[in-house]
file run18.csv (CSV, C-alpha atoms)
chain,number,residue,atom,x,y,z
A,294,MET,CA,-87.2,181.3,163.6
A,295,VAL,CA,-84.2,181.5,161.3
A,296,THR,CA,-83.2,178.4,159.4
A,297,LEU,CA,-79.7,177.2,158.4
A,298,GLY,CA,-80.5,177.8,154.8
A,299,GLN,CA,-81.2,181.5,155.4
A,300,TYR,CA,-77.8,182.0,156.9
A,301,LEU,CA,-76.3,180.1,154.0
A,302,GLY,CA,-78.3,182.2,151.6
A,303,VAL,CA,-77.1,185.5,153.1
A,304,SER,CA,-73.5,184.1,153.0
A,305,GLY,CA,-73.9,183.2,149.3
A,306,MET,CA,-75.2,186.7,148.6
A,307,LEU,CA,-72.3,188.3,150.3
A,308,PHE,CA,-70.0,186.0,148.3
A,309,ALA,CA,-71.7,187.0,145.0
A,310,ILE,CA,-71.3,190.7,145.9
A,311,GLY,CA,-67.6,190.2,146.5
A,312,PHE,CA,-67.3,188.1,143.3
A,313,ALA,CA,-69.0,190.8,141.2
A,314,GLY,CA,-66.7,193.4,142.8
A,315,VAL,CA,-63.6,191.5,141.8
A,316,LEU,CA,-65.0,191.1,138.2
A,317,LEU,CA,-66.4,194.6,137.7
A,318,ARG,CA,-64.2,197.0,139.5
A,319,ARG,CA,-60.9,198.3,138.0
A,320,ASN,CA,-59.4,199.9,141.1
A,321,ILE,CA,-57.0,197.4,142.5
A,322,ILE,CA,-57.7,198.4,146.1
A,323,ILE,CA,-61.4,198.0,145.7
A,324,VAL,CA,-60.8,194.5,144.1
A,325,PHE,CA,-58.8,193.7,147.2
A,326,MET,CA,-61.6,194.8,149.5
A,327,ALA,CA,-64.0,192.6,147.5
A,328,LEU,CA,-61.7,189.7,148.1
A,329,GLU,CA,-62.1,190.3,151.8
A,330,LEU,CA,-65.9,190.2,151.4
A,331,MET,CA,-65.6,186.8,149.8
A,332,LEU,CA,-63.4,185.5,152.6
A,333,ASN,CA,-65.9,186.7,155.2
A,334,ALA,CA,-68.8,185.1,153.4
A,335,ALA,CA,-67.0,181.7,153.7
A,336,ASN,CA,-66.5,182.4,157.4
A,337,LEU,CA,-70.2,183.1,157.9
A,338,ALA,CA,-71.1,179.7,156.3
A,339,LEU,CA,-68.5,177.9,158.5
A,340,VAL,CA,-69.9,179.5,161.7
A,341,ALA,CA,-73.5,178.7,160.7
A,342,PHE,CA,-72.5,175.0,160.2
A,343,SER,CA,-70.6,175.0,163.5
A,344,ARG,CA,-73.8,176.2,165.3
A,345,TYR,CA,-76.0,173.7,163.4
A,346,ARG,CA,-74.0,170.5,163.9
A,347,LEU,CA,-73.6,170.4,167.7
A,348,GLY,CA,-70.8,168.4,169.3
A,349,PRO,CA,-71.4,165.5,171.6
A,350,ASP,CA,-71.6,167.8,174.6
A,351,GLY,CA,-74.5,169.8,173.1
A,352,LEU,CA,-72.3,172.8,172.4
A,353,PRO,CA,-71.4,174.2,168.9
A,354,ASN,CA,-68.7,172.4,167.0
A,355,TYR,CA,-65.7,174.4,167.9
A,356,ASN,CA,-63.4,172.9,165.3
A,357,ALA,CA,-65.1,175.1,162.7
A,358,GLN,CA,-64.6,178.2,164.9
A,359,VAL,CA,-60.8,177.3,165.2
A,360,LEU,CA,-60.8,177.1,161.4
A,361,VAL,CA,-62.4,180.5,161.1
A,362,PHE,CA,-59.8,181.9,163.6
A,363,PHE,CA,-57.1,180.6,161.3
A,364,ILE,CA,-58.8,182.1,158.2
A,365,ILE,CA,-59.0,185.5,159.9
A,366,THR,CA,-55.3,185.3,160.9
A,367,VAL,CA,-54.1,184.3,157.4
A,368,ALA,CA,-56.4,187.0,155.8
A,369,ALA,CA,-54.8,189.6,158.0
A,370,ALA,CA,-51.3,188.5,156.9
A,371,GLU,CA,-52.5,188.5,153.3
A,372,VAL,CA,-53.9,192.0,153.6
A,373,ALA,CA,-50.5,193.3,154.9
A,374,VAL,CA,-48.5,191.6,152.1
A,375,GLY,CA,-51.0,192.5,149.4
A,376,LEU,CA,-51.1,196.2,150.4
A,377,ALA,CA,-47.3,196.3,150.4
A,378,ILE,CA,-47.3,194.9,146.9
A,379,ILE,CA,-49.9,197.5,145.8
A,380,VAL,CA,-47.7,200.3,147.3
A,381,ALA,CA,-44.6,198.9,145.4
A,382,LEU,CA,-46.7,198.7,142.2
A,383,TYR,CA,-47.8,202.3,142.7
A,384,ARG,CA,-44.3,203.5,143.2
A,385,ALA,CA,-43.2,201.8,140.0
A,386,ARG,CA,-46.2,202.6,137.7
A,387,ARG,CA,-48.0,205.5,139.4
A,388,THR,CA,-51.4,203.9,139.0
A,389,THR,CA,-53.8,201.6,140.8
A,390,HIS,CA,-56.0,201.0,137.8
A,391,VAL,CA,-55.7,197.4,136.6
A,392,GLU,CA,-56.2,198.3,132.9
A,393,ASP,CA,-53.0,200.5,133.1
A,394,ILE,CA,-51.0,197.5,134.3
A,395,ASN,CA,-50.8,195.6,131.0
A,396,ALA,CA,-47.1,194.9,130.5
A,397,LEU,CA,-47.7,191.1,130.3
A,398,LYS,CA,-50.8,191.5,128.1
A,399,PHE,CA,-50.7,189.6,124.8
B,158,MET,CA,-81.7,185.6,167.8
B,159,PRO,CA,-85.2,186.8,166.9
B,160,ALA,CA,-85.8,186.7,163.1
B,161,PRO,CA,-86.3,190.5,162.7
B,162,LEU,CA,-82.9,191.2,164.2
B,163,PHE,CA,-81.3,188.6,161.8
B,164,TRP,CA,-82.9,190.3,158.8
B,165,ILE,CA,-81.9,193.8,160.0
B,166,PHE,CA,-78.2,192.8,160.4
B,167,ALA,CA,-78.1,190.7,157.3
B,168,LEU,CA,-79.6,193.7,155.3
B,169,VAL,CA,-77.0,196.1,156.8
B,170,MET,CA,-74.2,193.7,155.9
B,171,LEU,CA,-75.4,193.1,152.3
B,172,VAL,CA,-76.3,196.8,151.6
B,173,PHE,CA,-73.0,198.1,152.8
B,174,GLY,CA,-71.2,195.2,151.1
B,175,ALA,CA,-72.9,196.3,147.8
B,176,ALA,CA,-71.9,199.9,148.6
B,177,VAL,CA,-68.2,198.8,148.7
B,178,VAL,CA,-68.5,197.7,145.1
B,179,ILE,CA,-70.7,200.6,143.9
B,180,ASN,CA,-68.9,203.6,145.5
B,181,ARG,CA,-66.4,205.4,143.3
B,182,ASN,CA,-64.5,207.0,146.2
B,183,PRO,CA,-62.1,204.4,147.8
B,184,VAL,CA,-62.4,206.0,151.3
B,185,ALA,CA,-66.2,205.6,151.1
B,186,SER,CA,-65.7,202.0,150.0
B,187,ALA,CA,-63.4,201.3,153.0
B,188,LEU,CA,-65.9,202.9,155.5
B,189,SER,CA,-68.8,200.9,154.0
B,190,LEU,CA,-66.7,197.7,154.4
B,191,VAL,CA,-66.3,198.6,158.1
B,192,VAL,CA,-70.1,198.8,158.6
B,193,SER,CA,-70.5,195.6,156.6
B,194,PHE,CA,-68.1,193.8,158.9
B,195,LEU,CA,-69.9,195.1,162.0
B,196,GLY,CA,-73.2,193.6,160.6
B,197,LEU,CA,-71.4,190.3,160.0
B,198,SER,CA,-70.0,190.4,163.5
B,199,ALA,CA,-73.6,190.7,164.8
B,200,LEU,CA,-74.6,187.6,162.8
B,201,TYR,CA,-71.7,185.7,164.4
B,202,LEU,CA,-73.0,186.8,167.9
B,203,SER,CA,-76.4,185.5,166.8
B,204,LEU,CA,-74.9,182.1,166.1
B,205,ASP,CA,-73.4,182.0,169.7
B,206,ALA,CA,-69.9,182.5,168.3
B,207,PHE,CA,-68.9,185.3,170.7
B,208,PHE,CA,-65.2,184.9,170.3
B,209,ILE,CA,-65.3,185.0,166.5
B,210,GLY,CA,-67.6,188.0,166.7
B,211,ILE,CA,-65.2,189.9,168.9
B,212,ILE,CA,-62.1,189.1,166.8
B,213,GLN,CA,-64.0,190.0,163.7
B,214,VAL,CA,-64.4,193.5,165.1
B,215,LEU,CA,-60.9,193.7,166.5
B,216,VAL,CA,-59.0,192.3,163.6
B,217,TYR,CA,-61.1,193.2,160.6
B,218,ALA,CA,-63.0,196.4,161.5
B,219,GLY,CA,-60.0,197.5,163.5
B,220,ALA,CA,-56.6,196.5,162.3
B,221,VAL,CA,-57.2,195.5,158.7
B,222,MET,CA,-59.4,198.4,157.8
B,223,VAL,CA,-57.0,200.9,159.4
B,224,LEU,CA,-54.3,199.4,157.1
B,225,PHE,CA,-56.6,199.8,154.1
B,226,LEU,CA,-57.4,203.5,155.0
B,227,PHE,CA,-53.8,204.2,155.7
B,228,ILE,CA,-52.7,202.9,152.2
B,229,ILE,CA,-55.6,204.7,150.5
B,230,MET,CA,-54.5,208.0,152.1
B,231,LEU,CA,-50.8,207.2,151.5
B,232,LEU,CA,-51.4,206.8,147.8
B,233,ASP,CA,-53.7,209.8,147.9
B,234,LEU,CA,-56.4,208.1,145.7
B,235,ARG,CA,-59.2,210.4,144.7
B,236,ALA,CA,-62.6,209.3,143.4
B,237,GLU,CA,-61.7,207.8,140.0
B,238,GLU,CA,-62.6,209.7,137.0
B,239,ARG,CA,-65.2,208.1,134.8
B,240,ARG,CA,-63.7,206.0,132.1
B,241,LYS,CA,-65.5,204.5,129.2
B,242,ILE,CA,-67.2,201.4,130.6
B,243,ASN,CA,-66.4,198.2,128.6
B,244,TRP,CA,-70.0,197.0,128.3
B,245,PHE,CA,-69.0,193.6,127.1
B,246,ALA,CA,-66.9,193.0,130.2
B,247,PHE,CA,-69.5,194.6,132.4
B,248,THR,CA,-72.4,192.4,131.3
B,249,GLY,CA,-70.1,189.4,131.4
B,250,GLY,CA,-69.2,190.1,135.0
B,251,VAL,CA,-72.8,190.6,136.0
B,252,LEU,CA,-73.8,187.4,134.2
B,253,VAL,CA,-71.1,185.3,135.8
B,254,ALA,CA,-71.8,186.7,139.3
B,255,GLY,CA,-75.6,186.3,138.9
B,256,SER,CA,-75.3,182.7,137.7
B,257,LEU,CA,-73.0,181.9,140.6
B,258,LEU,CA,-75.7,183.3,143.0
B,259,LEU,CA,-78.4,181.2,141.2
B,260,GLN,CA,-76.2,178.1,141.5
B,261,ILE,CA,-75.6,178.7,145.2
B,262,PHE,CA,-79.4,179.2,145.8
B,263,SER,CA,-80.3,176.1,143.9
B,264,VAL,CA,-77.9,174.0,145.9
B,265,ILE,CA,-79.2,175.5,149.2
B,266,GLY,CA,-82.8,174.9,148.0
B,267,SER,CA,-82.2,171.3,147.1
B,268,THR,CA,-80.3,170.5,150.4
B,269,LYS,CA,-82.5,168.9,153.0
B,270,ILE,CA,-80.8,170.3,156.1
B,271,ALA,CA,-81.1,173.8,154.8
B,272,HIS,CA,-84.7,173.9,156.0
B,273,ASP,CA,-83.9,172.9,159.5
B,274,HIS,CA,-83.9,175.2,162.5
B,275,PHE,CA,-80.9,175.4,164.7
B,276,PRO,CA,-81.0,172.8,167.5
B,277,ALA,CA,-81.1,174.1,171.1
B,278,LEU,CA,-77.8,174.2,173.0
B,279,ALA,CA,-77.3,172.0,176.0
B,280,ARG,CA,-76.5,175.0,178.1
B,281,ALA,CA,-77.8,178.5,177.8
B,282,ARG,CA,-74.3,179.9,178.5
B,283,VAL,CA,-71.5,178.9,176.1
B,284,ASP,CA,-67.9,179.5,177.2
B,285,ASP,CA,-66.6,179.5,173.7
B,286,VAL,CA,-63.4,181.3,174.4
B,287,HIS,CA,-62.5,178.5,176.8
B,288,ASN,CA,-63.3,175.8,174.3
B,289,VAL,CA,-61.7,177.4,171.3
B,290,GLY,CA,-58.6,178.0,173.5
B,291,LEU,CA,-58.4,174.4,174.5
B,292,LEU,CA,-58.6,173.3,170.9
B,293,LEU,CA,-56.1,175.9,169.8
B,294,PHE,CA,-53.5,174.9,172.4
B,295,GLY,CA,-54.2,171.2,172.4
B,296,GLN,CA,-55.3,169.5,169.2
B,297,TYR,CA,-54.4,172.4,166.8
B,298,ASN,CA,-51.2,173.5,168.5
B,299,LEU,CA,-48.9,172.7,165.5
B,300,PRO,CA,-51.1,174.7,163.0
B,301,PHE,CA,-51.2,177.5,165.6
B,302,GLN,CA,-47.4,177.7,165.6
B,303,VAL,CA,-47.2,177.4,161.9
B,304,ILE,CA,-49.5,180.5,161.7
B,305,ALA,CA,-47.1,182.3,164.0
B,306,VAL,CA,-44.2,181.6,161.6
B,307,LEU,CA,-46.5,182.7,158.7
B,308,ILE,CA,-47.2,186.0,160.3
B,309,LEU,CA,-43.4,186.5,160.9
B,310,VAL,CA,-42.7,185.8,157.3
B,311,ALA,CA,-45.4,188.2,156.2
B,312,THR,CA,-44.0,190.9,158.4
B,313,VAL,CA,-40.5,190.4,157.0
B,314,GLY,CA,-41.9,190.3,153.5
B,315,VAL,CA,-43.8,193.6,153.9
B,316,ILE,CA,-40.7,195.3,155.1
B,317,VAL,CA,-38.6,194.0,152.2
B,318,LEU,CA,-41.4,195.0,149.7
B,319,SER,CA,-41.8,198.5,151.0
B,320,LYS,CA,-38.2,199.3,151.7
B,321,ARG,CA,-37.0,202.0,149.5
B,322,GLU,CA,-33.5,201.4,148.0
B,323,LEU,CA,-31.1,203.8,149.4
B,324,PRO,CA,-29.0,205.7,146.8

call {"tool": "encode", "arguments": {"input": "run18.csv", "output": "structure tokens"}}
result
Amino acid sequence: MVTLGQYLGVSGMLFAIGFAGVLLRRNIIIVFMALELMLNAANLALVAFSRYRLGPDGLPNYNAQVLVFFIITVAAAEVAVGLAIIVALYRARRTTHVEDINALKF
Amino acid sequence: MPAPLFWIFALVMLVFGAAVVINRNPVASALSLVVSFLGLSALYLSLDAFFIGIIQVLVYAGAVMVLFLFIIMLLDLRAEERRKINWFAFTGGVLVAGSLLLQIFSVIGSTKIAHDHFPALARARVDDVHNVGLLLFGQYNLPFQVIAVLILVATVGVIVLSKRELP
């Protein structure tokens, strides 16, 4: 049988992979994908808790699943806006490499 | 879900999630992300969250990843040429991510409920689309409509951002 902690551990590992991607990669699109991985790791933890803490009718706690639904919706909107910003940046600077975008660097 | 299936899908999700970070070609990264999301969706199904599993495939593996691939091909990104790796930043990043992972595992290990199995459901069949829909249009109706406005604002914002100034 699978325990709650194993789902949470898998979720934490996915989050750490995404976090490492944000820190290590220099291509801004890959950084954006790693952000998506972190969002999904949080969703997995939410759904695992929803299944663990049953409601009074003995079914999963659907409040958490509504929250996951909202997170997915907001993430989709965020991806659209973020990619539009990346396209505008590429038009202005001809690069997607974060180290080439250093106009504000001290 | 039987434990072997859980480990198979968790492994698929984590290996392809790592492939997103490791691949040098952005198209390969995006396709790895699709497979990672499919594994995640299988984990949602194993937690009796069928609605979330389906919209994970539809929204993420479908819509969002098509958008990513579209932008990658629009910008015509090739596999990035090897640059000199900044080893100081690299080891720093690995250390920070690793210590975050250790921290998460120590918190999970010291939590009492983490060792519990999932309780059995009252009914074998869950009608979760029905229940999520009731909550969405009842208790959470206002946030639902705010989300609709947010998506409208995002759509308008994307058009404004990507509109080329006419000469």

call {"tool": "residues_near_point", "arguments": {"input": "run18.csv", "point": "(-66.4, 193.4, 152.3)", "cutoff": "7 Å", "atoms": "all atoms listed in the file", "output": "PyMOL selection string"}}
result
(chain A and resi 311+326-327+329-330) or (chain B and resi 174+177+190+193-194)

call {"tool": "closest_atom_pairs", "arguments": {"input": "run18.csv", "of": "chain B", "to": "chain A", "cutoff": "6 Å", "atoms": "only C-alpha atoms", "output": "CSV"}}
result
residue,atom,partner,partner_atom,distance
B:Ala160,CA,A:Met294,CA,5.6
B:Val178,CA,A:Gly314,CA,5.2
B:Gly250,CA,A:Leu316,CA,5.4
B:Ala254,CA,A:Ala313,CA,5.3
B:Leu258,CA,A:Ala309,CA,5.8
B:Ala271,CA,A:Gly298,CA,4.0
B:His272,CA,A:Thr296,CA,5.8
B:Asp273,CA,A:Thr296,CA,5.5
B:His274,CA,A:Thr296,CA,4.5
B:Phe275,CA,A:Tyr345,CA,5.3
B:Leu278,CA,A:Gly351,CA,5.5
B:Ala279,CA,A:Gly351,CA,4.6
B:Ile308,CA,A:Ala370,CA,5.9
B:Ala311,CA,A:Ala370,CA,5.9
B:Val315,CA,A:Val374,CA,5.4
B:Ser319,CA,A:Ala377,CA,6.0

call {"tool": "closest_residue", "arguments": {"input": "run18.csv", "among": "B:Asn180, B:Leu231, B:Val286, B:Phe301", "to": "Ile211 (chain B)", "atoms": "only C-alpha atoms"}}
result
B:Val286

call {"tool": "residues_around", "arguments": {"input": "run18.csv", "residues": "Gly210 (chain B)", "least_positions_apart": "3", "cutoff": "8 Å", "atoms": "all atoms listed in the file", "output": "PyMOL selection string"}}
result
chain B and resi 198-199+201-202+206-207+213-214

call {"tool": "atom_distance", "arguments": {"input": "run18.csv", "atom1": "CA of Pro300 (chain B)", "atom2": "CA of Leu195 (chain B)"}}
result
27.8 Å

call {"tool": "closest_residue", "arguments": {"input": "run18.csv", "among": "B:Val310, B:Met170, B:Leu204, B:Leu299", "to": "Val191 (chain B)", "atoms": "all atoms listed in the file"}}
result
B:Met170

call {"tool": "closest_residue", "arguments": {"input": "run18.csv", "among": "B:Ala281, B:Ile179, B:Ala185, B:Leu171", "to": "Met331 (chain A)", "atoms": "all atoms listed in the file"}}
result
B:Leu171

call {"tool": "atom_distance", "arguments": {"input": "run18.csv", "atom1": "CA of Ser267 (chain B)", "atom2": "CA of Gly255 (chain B)"}}
result
18.3 Å

call {"tool": "closest_residue", "arguments": {"input": "run18.csv", "among": "A:Ile364, A:Ala335, A:Ile321, A:Val391", "to": "Val216 (chain B)", "atoms": "only C-alpha atoms"}}
result
A:Ile364

call {"tool": "closest_residue", "arguments": {"input": "run18.csv", "among": "B:Met230, B:Val313, B:Leu292, B:Ile209", "to": "Ala187 (chain B)", "atoms": "all atoms listed in the file"}}
result
B:Met230

call {"tool": "closest_residue", "arguments": {"input": "run18.csv", "among": "A:Leu332, A:Glu392, A:Leu397, A:Ala385", "to": "Lys241 (chain B)", "atoms": "only C-alpha atoms"}}
result
A:Glu392
